[in-house]
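Structure file upload-v2.cif (mmCIF, C-alpha atoms) is printed below.
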```cif
data_my_file
#
loop_
_atom_site.label_atom_id
_atom_site.label_comp_id
_atom_site.auth_asym_id
_atom_site.auth_seq_id
_atom_site.Cartn_x
_atom_site.Cartn_y
_atom_site.Cartn_z
CA MET P 291 -94.81 38.55 24.44
CA LYS P 292 -96.25 37.13 21.22
CA LEU P 293 -93.83 37.33 18.31
CA LEU P 294 -94.98 37.46 14.71
CA ASP P 295 -93.34 35.47 11.92
CA PRO P 296 -90.69 37.39 9.91
CA LYS P 297 -91.29 34.96 7.01
CA ASN P 298 -94.64 36.68 6.55
CA ASP P 299 -93.59 39.58 4.32
CA VAL P 300 -95.86 42.02 6.18
CA ALA P 301 -93.88 41.23 9.34
CA PHE P 302 -90.57 41.45 7.47
CA PHE P 303 -91.52 44.87 6.18
CA LYS P 304 -92.61 46.01 9.65
CA ILE P 305 -89.45 44.73 11.36
CA PHE P 306 -86.83 45.78 8.84
CA ALA P 307 -88.11 48.46 6.46
CA ASN P 308 -87.83 51.36 8.89
CA GLU P 309 -85.67 54.00 7.25
CA ASN P 310 -85.53 55.91 10.55
CA LYS P 311 -84.05 52.88 12.33
CA LYS P 312 -81.77 51.18 9.83
CA GLU P 313 -79.48 49.16 12.09
CA PRO P 314 -81.53 45.91 12.11
CA LEU P 315 -81.71 45.59 8.33
CA LEU P 316 -78.08 46.67 7.87
CA SER P 317 -76.96 44.02 10.35
CA PHE P 318 -79.29 41.42 8.84
CA LEU P 319 -78.13 41.96 5.25
CA ASN P 320 -74.42 42.31 6.03
CA SER P 321 -74.49 39.17 8.18
CA ILE P 322 -76.44 37.00 5.75
CA LEU P 323 -74.40 38.18 2.75
CA CYS P 324 -71.09 37.96 4.68
CA PHE P 325 -70.31 41.61 3.95
CA THR P 326 -69.57 42.65 7.55
CA GLY P 327 -66.05 44.02 7.93
CA THR P 328 -65.38 44.03 4.17
CA ASP P 329 -65.37 46.87 1.66
CA ARG P 330 -68.76 45.55 0.47
CA GLU P 331 -70.37 46.30 3.84
CA ILE P 332 -73.71 48.01 3.28
CA ILE P 333 -73.92 51.36 5.03
CA ASP P 334 -77.25 52.74 3.81
CA PHE P 335 -80.45 51.68 2.07
CA THR P 336 -83.92 52.62 0.93
CA VAL P 337 -86.74 50.11 0.59
CA GLU P 338 -89.08 49.86 -2.34
CA SER P 339 -92.04 47.54 -2.00
CA PRO P 340 -95.08 46.67 -4.14
CA TYR P 341 -97.23 47.65 -1.19
CA ARG P 342 -97.41 49.90 1.81
CA LEU P 343 -99.03 48.72 5.00
CA PRO P 344 -101.85 47.99 5.48
CA ARG P 345 -103.13 47.73 1.86
CA LEU P 346 -102.29 44.12 1.12
CA GLU P 347 -105.52 42.47 0.04
CA GLY P 348 -104.42 41.88 -3.55
CA LEU P 349 -100.78 41.13 -2.83
CA ARG P 350 -99.65 37.94 -4.56
CA ASP P 351 -95.93 38.44 -4.92
CA SER P 352 -93.45 38.28 -2.06
CA ILE P 353 -90.54 40.45 -3.03
CA LEU P 354 -88.97 43.50 -1.41
CA ASP P 355 -86.59 45.65 -3.40
CA ILE P 356 -83.86 47.28 -1.34
CA LYS P 357 -81.60 49.89 -2.88
CA ALA P 358 -78.38 49.72 -0.91
CA VAL P 359 -74.95 51.37 -1.02
CA ASP P 360 -71.71 49.95 0.35
CA LYS P 361 -68.51 51.49 1.68
CA ARG P 362 -67.11 51.85 -1.84
CA ASN P 363 -70.17 53.83 -2.91
CA ILE P 364 -71.23 50.89 -5.09
CA HIS P 365 -75.01 50.72 -5.38
CA TYR P 366 -76.98 47.49 -5.24
CA ILE P 367 -80.51 46.40 -5.91
CA ILE P 368 -81.16 43.64 -3.37
CA SER P 369 -84.34 41.68 -3.97
CA VAL P 370 -85.46 39.72 -0.92
CA GLN P 371 -87.86 36.85 -1.61
CA LEU P 372 -89.63 35.31 1.35
CA LEU P 373 -91.85 32.48 0.10
CA ARG P 374 -91.78 29.22 -1.78
CA THR P 375 -93.16 29.47 -5.29
CA PHE P 376 -94.08 26.78 -7.79
CA ALA P 377 -91.38 26.17 -10.47
CA TYR P 378 -88.97 28.22 -8.36
CA GLU P 379 -85.98 27.98 -10.70
CA LYS P 380 -88.04 29.69 -13.43
CA LYS P 381 -89.21 32.32 -10.96
CA LEU P 382 -85.56 33.13 -10.25
CA LEU P 383 -85.02 33.98 -13.90
CA TYR P 384 -88.10 36.20 -13.76
CA TYR P 385 -86.65 38.17 -10.84
CA ILE P 386 -83.32 38.55 -12.62
CA LYS P 387 -85.11 40.01 -15.64
CA LYS P 388 -87.28 42.16 -13.36
CA ALA P 389 -84.24 43.70 -11.71
CA SER P 390 -82.60 44.34 -15.09
CA ARG P 391 -85.70 46.15 -16.39
CA GLN P 392 -85.43 48.56 -13.48
CA GLN P 393 -81.96 49.60 -14.60
CA PRO P 394 -81.06 52.43 -17.03
CA ALA P 395 -82.29 51.53 -20.51
CA LYS P 396 -80.11 53.72 -22.72
CA ALA P 397 -76.87 52.21 -23.93
CA GLU P 398 -74.82 55.17 -22.72
CA ASN P 399 -76.14 54.60 -19.17
CA TYR P 400 -74.98 51.00 -18.82
CA PRO P 401 -71.80 51.98 -16.89
CA LYS P 402 -74.15 53.49 -14.27
CA LYS P 403 -76.04 50.26 -13.68
CA ASN P 404 -76.38 49.05 -10.11
CA GLN P 405 -75.07 45.66 -9.12
CA GLU P 406 -77.94 43.24 -8.56
CA LEU P 407 -78.22 40.84 -5.65
CA LEU P 408 -81.05 38.39 -5.17
CA LEU P 409 -81.39 37.13 -1.59
CA SER P 410 -83.97 34.39 -1.34
CA PHE P 411 -85.14 32.57 1.79
CA LEU P 412 -86.64 29.18 0.95
CA ASP P 413 -88.92 27.19 3.24
CA PHE P 414 -88.03 24.04 1.32
CA GLU P 415 -84.83 22.27 0.24
CA PHE P 416 -83.98 23.49 -3.25
CA PHE P 417 -80.72 21.55 -3.66
CA GLU P 418 -81.33 18.23 -1.88
CA ASP P 419 -77.81 16.95 -2.63
CA SER P 420 -76.09 20.05 -1.18
CA PRO P 421 -75.65 19.98 2.63
CA GLY P 422 -75.07 23.69 3.26
CA TYR P 423 -78.00 25.96 4.18
CA ALA P 424 -76.49 29.04 2.51
CA SER P 425 -75.16 29.18 -1.05
CA ARG P 426 -73.97 31.89 -3.42
CA TYR P 427 -73.94 31.87 -7.23
CA PHE P 428 -72.21 33.97 -9.86
CA LEU P 429 -71.86 33.98 -13.63
CA MET P 430 -68.63 32.01 -14.15
CA ASN P 431 -66.36 31.33 -17.09
CA GLU P 432 -66.70 27.63 -17.92
CA LYS P 433 -62.97 27.12 -18.54
CA THR P 434 -61.35 29.44 -16.02
CA SER P 435 -64.07 29.50 -13.31
CA LEU P 436 -63.49 33.24 -13.09
CA ASN P 437 -66.33 35.58 -12.23
CA ASN P 438 -65.94 38.15 -15.01
CA PHE P 439 -69.48 39.50 -14.71
CA LEU P 440 -69.69 41.24 -11.35
CA ASP P 441 -73.10 42.85 -11.73
CA PHE P 442 -75.22 39.92 -10.60
CA GLU P 443 -75.14 37.63 -7.59
CA LEU P 444 -77.65 35.08 -6.31
CA ASN P 445 -77.81 34.12 -2.62
CA LEU P 446 -80.04 31.32 -1.33
CA VAL P 447 -80.81 30.39 2.27
CA GLU P 448 -82.58 27.02 2.57
CA LEU P 449 -84.22 27.29 5.99
CA PRO P 450 -84.97 23.54 6.54
CA LYS P 451 -81.23 22.86 6.33
CA PHE P 452 -80.48 25.28 9.18
CA THR P 453 -80.64 23.01 12.22
CA VAL P 454 -78.20 24.67 14.63
CA PRO P 455 -79.73 24.51 18.12
CA LEU P 456 -80.14 27.69 20.13
CA GLU P 457 -77.34 26.93 22.59
CA GLN P 458 -74.84 26.30 19.77
CA LEU P 459 -75.31 29.52 17.77
CA GLU P 460 -71.81 30.82 17.09
CA ASP P 461 -72.11 34.18 15.34
CA ILE P 462 -74.48 36.98 14.37
CA LYS P 463 -75.28 35.33 11.03
CA GLU P 464 -76.53 32.17 12.73
CA LYS P 465 -78.47 34.25 15.26
CA TRP P 466 -80.22 36.19 12.49
CA ILE P 467 -81.17 33.02 10.62
CA TYR P 468 -82.41 31.43 13.85
CA PHE P 469 -84.52 34.53 14.49
CA PHE P 470 -85.85 34.54 10.94
CA LYS P 471 -86.76 30.84 11.00
CA ASN P 472 -88.13 30.53 14.54
CA ALA P 473 -89.36 33.89 15.84
CA GLY P 474 -92.97 33.14 14.88
CA ASN P 475 -93.00 30.27 17.40
CA MET P 476 -91.49 32.25 20.30
CA THR P 477 -93.11 34.02 23.23
CA MET P 478 -89.92 35.47 24.70
CA ILE P 479 -86.43 36.57 23.69
CA PRO P 480 -83.98 33.72 24.40
CA LYS P 481 -80.99 34.84 26.45
CA GLU P 482 -78.67 33.32 23.83
CA ILE P 483 -79.73 35.93 21.28
CA GLU P 484 -80.46 38.96 23.44
CA SER P 485 -77.26 40.49 22.07
CA PRO P 486 -76.20 42.35 20.11
CA VAL P 487 -78.75 45.09 20.78
CA VAL P 488 -79.78 45.17 17.13
CA LEU P 489 -81.23 41.66 17.48
CA LYS P 490 -83.20 42.67 20.55
CA GLU P 491 -84.63 45.58 18.53
CA ALA P 492 -85.80 43.13 15.85
CA PHE P 493 -87.51 41.00 18.49
CA GLU P 494 -89.24 44.05 19.92
CA ALA P 495 -90.43 45.08 16.45
CA ALA P 496 -91.83 41.56 15.97
CA ASP P 497 -93.83 41.77 19.21
CA GLN P 498 -97.48 42.13 18.26
CA LYS P 499 -98.00 44.55 21.17
CA SER P 500 -96.22 47.20 19.11
CA TRP P 501 -98.51 46.69 16.10
CA THR P 502 -101.66 48.62 15.26
CA LYS P 503 -104.96 46.86 14.68
CA GLU P 504 -104.73 47.57 10.93
CA GLU P 505 -101.21 46.13 10.76
CA LEU P 506 -102.29 42.96 12.56
CA GLU P 507 -105.22 42.57 10.17
CA SER P 508 -102.84 42.94 7.22
CA TYR P 509 -100.52 40.35 8.77
CA ASP P 510 -103.40 37.90 9.23
CA ASN P 511 -104.69 38.51 5.70
CA ARG P 512 -101.26 37.87 4.27
CA GLY P 513 -100.97 34.71 6.34
CA ILE P 514 -104.22 33.45 4.84
CA LEU P 515 -102.93 34.13 1.33
CA ILE P 516 -99.69 32.31 2.15
CA GLN P 517 -101.58 29.25 3.40
CA ASP P 518 -103.88 29.32 0.37
CA GLU P 519 -100.87 29.39 -1.94
CA ARG P 520 -99.20 26.53 -0.09
CA GLY P 521 -102.47 24.60 -0.23
CA ARG P 522 -102.69 25.07 -4.00
CA VAL P 523 -99.11 23.86 -4.49
CA GLN P 524 -99.68 20.84 -2.24
CA HIS P 525 -102.95 20.00 -3.96
CA ALA P 526 -101.34 20.22 -7.40
CA TYR P 527 -98.53 17.95 -6.21
CA GLU P 528 -100.90 15.38 -4.74
CA GLU P 529 -103.07 15.39 -7.87
CA GLY P 530 -99.96 14.91 -9.99
CA VAL P 531 -98.89 11.94 -7.89
CA LYS P 532 -102.36 10.39 -8.12
CA LYS P 533 -102.47 10.82 -11.88
CA GLY P 534 -98.97 9.40 -12.24
CA VAL P 535 -99.99 6.28 -10.32
CA ALA P 536 -103.18 5.99 -12.38
CA ILE P 537 -101.20 6.19 -15.62
CA GLU P 538 -98.83 3.43 -14.49
CA VAL P 539 -101.78 1.20 -13.54
CA ALA P 540 -103.44 1.92 -16.89
CA LYS P 541 -100.25 1.10 -18.81
CA ASN P 542 -99.88 -2.26 -17.11
CA ALA P 543 -103.57 -3.12 -17.42
CA PHE P 544 -103.61 -2.15 -21.11
CA LYS P 545 -100.58 -4.43 -21.75
CA ASP P 546 -102.42 -7.27 -20.01
CA GLY P 547 -105.39 -6.82 -22.32
CA VAL P 548 -107.84 -5.34 -19.81
CA PRO P 549 -110.67 -3.55 -21.69
CA ILE P 550 -110.26 0.22 -21.92
CA GLN P 551 -113.70 0.83 -20.40
CA MET P 552 -112.74 -1.17 -17.29
CA ILE P 553 -109.35 0.60 -17.03
CA SER P 554 -111.12 3.95 -17.22
CA LYS P 555 -113.53 2.94 -14.45
CA ILE P 556 -110.71 1.73 -12.20
CA THR P 557 -108.26 4.63 -12.72
CA GLY P 558 -110.60 7.54 -13.39
CA LEU P 559 -108.74 8.35 -16.61
CA LEU P 560 -110.62 9.19 -19.76
CA GLU P 561 -110.66 6.53 -22.44
CA GLU P 562 -108.95 8.99 -24.81
CA GLU P 563 -106.14 9.47 -22.29
CA ILE P 564 -105.67 5.70 -21.96
CA ARG P 565 -105.42 5.27 -25.76
CA GLU P 566 -102.68 7.93 -25.88
CA ILE P 567 -100.54 6.32 -23.17
#
```
What do you get writing this file as structure tokens?
Amino acid sequence: MKLLDPKNDVAFFKIFANENKKEPLLSFLNSILCFTGTDREIIDFTVESPYRLPRLEGLRDSILDIKAVDKRNIHYIISVQLLRTFAYEKKLLYYIKKASRQQPAKAENYPKKNQELLLSFLDFEFFEDSPGYASRYFLMNEKTSLNNFLDFELNLVELPKFTVPLEQLEDIKEKWIYFFKNAGNMTMIPKEIESPVVLKEAFEAADQKSWTKEELESYDNRGILIQDERGRVQHAYEEGVKKGVAIEVAKNAFKDGVPIQMISKITGLLEEEIREI
């Protein structure tokens, strides 16, 4: 058994976006959002995506829009983001606006708006000072701390912070996150997460033996795009660090009276840049 990585959005779509077999995604969402057993428990959904397998060559974004309904017949738009993006906090605001634009535009239709949930899985630590791997955010009143605006909710799962070992997984939520984080490195279904059956179904859907040749090609192509994007972010970071060091060296050398031409040669900065420091 060779399992494919659910963090690749092609795999996520293949594993979870099956409207004829909804139990895995219902269990996944209700567990991650802590809705199981409450009146907010999601009982049905449809998936809207910017692509349909296997046409993924131009895909740059990594967002799946899920229209869900809970036990109270309250409708949600759940946006699931799967990748790290540069300037992530600004990207969050973009997704909030994106979800709002999909809602009824006429003023008289505002009471019919769906509640909006953003569920984002991060492959990096977004809040380094916060120990928990899962966090939830609302619009709160500054003085009363009351959540008077119920139509939007932000949920973040910081995967590097989830370090629970396999033998210590306590509930279905931890099992789902373990699956989501680690399935791409597995070659078998661990006995600790063979149950419930819905988890086993997700593992089976992630097994590349059940994929067509076109789906596997789409998965590989998406993986290349993911690595290219990560490479660009890493390169930009490294270049920024190098330039920051060069600027500090130039500042100190300039204060010590080193000629600008020599500073430029040593640091690689343009003479104009050095004069503006």
* Which residues fall under the PyMOL selection byres ((chain P and resi 451) around 8) in this file, as a PyMOL selection string? -> chain P and resi 415+421-423+448-450+452-453
Would you mind exporting C-alpha atoms of the selected residues as a CSV table (one decimal), in the frame of the given file?
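File out_13.csv, as written:
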```csv
chain,number,residue,atom,x,y,z
P,415,GLU,CA,-84.8,22.3,0.2
P,421,PRO,CA,-75.6,20.0,2.6
P,422,GLY,CA,-75.1,23.7,3.3
P,423,TYR,CA,-78.0,26.0,4.2
P,448,GLU,CA,-82.6,27.0,2.6
P,449,LEU,CA,-84.2,27.3,6.0
P,450,PRO,CA,-85.0,23.5,6.5
P,452,PHE,CA,-80.5,25.3,9.2
P,453,THR,CA,-80.6,23.0,12.2
```
* Please write as number ranges by chain the list of polymer residues whose atoms come within 12 Å of (-90.0, 47.0, 14.1), counting only C-alpha atoms and keeping to the coordinates of the file. => P: 293-294, 296, 300-315, 488-502, 505
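Put simply, the PyMOL selection byres ((chain P and resi 424-434) around 9) on this file hits Ile322, Leu323, Gly422, Tyr423, Ser435, Leu436, Asn437, Asn438, Phe439, Leu440, Phe442, Glu443, Leu444, Asn445, Leu446, Val447, Glu448, Leu449, Lys451 and Phe452 of chain P.
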* To do: Choose the residue, out of P:Glu418, P:Asn298, P:Leu560, P:Lys292, that has the smallest atom-to-atom separation from P:Gln517; count all atoms listed in the file.
  => P:Asn298
* Asked: Applied to this file, what does the PyMOL selection byres ((chain P and resi 358) around 12) return in terms of residues, put as a ChimeraX atom specification?
  -> /P:309,312,315-316,319-320,330-338,355-357,359-369,404-407
* To do: Can you work out the spacing between atom CA of P:Glu457 and atom CA of P:Phe325 in Å, to one decimal?
  =>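 Interatomic distance here is 24.7 Å.
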* To do: Up to 10 Å from (-81.2, 28.1, 21.7) in the file's coordinates: name the residues, counting only C-alpha atoms, as a ChimeraX atom specification.
  => /P:454-459,465,468,480-483
Selection export as a tab-separated table (two decimals), in the frame of the given file, atoms kept: C-alpha atoms:
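New file again.tsv:
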```tsv
chain	number	residue	atom	x	y	z
P	454	VAL	CA	-78.20	24.67	14.63
P	455	PRO	CA	-79.73	24.51	18.12
P	456	LEU	CA	-80.14	27.69	20.13
P	457	GLU	CA	-77.34	26.93	22.59
P	458	GLN	CA	-74.84	26.30	19.77
P	459	LEU	CA	-75.31	29.52	17.77
P	465	LYS	CA	-78.47	34.25	15.26
P	468	TYR	CA	-82.41	31.43	13.85
P	480	PRO	CA	-83.98	33.72	24.40
P	481	LYS	CA	-80.99	34.84	26.45
P	482	GLU	CA	-78.67	33.32	23.83
P	483	ILE	CA	-79.73	35.93	21.28
```
* From the list P:Ile462, P:Ile467, P:Ser508, P:Phe544, which residue is nearest P:Glu561 when using only C-alpha atoms? ->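 Checking each of P:Ile462, P:Ile467, P:Ser508, P:Phe544 against P:Glu561, counting only C-alpha atoms, the winner is P:Phe544.
Picture a line from atom CA of P:Leu412 to atom CA of P:Ser485; it runs 25.7 Å.
Atom to atom, atom CA of P:Phe417 and atom CA of P:Gly327 stand 29.2 Å apart.
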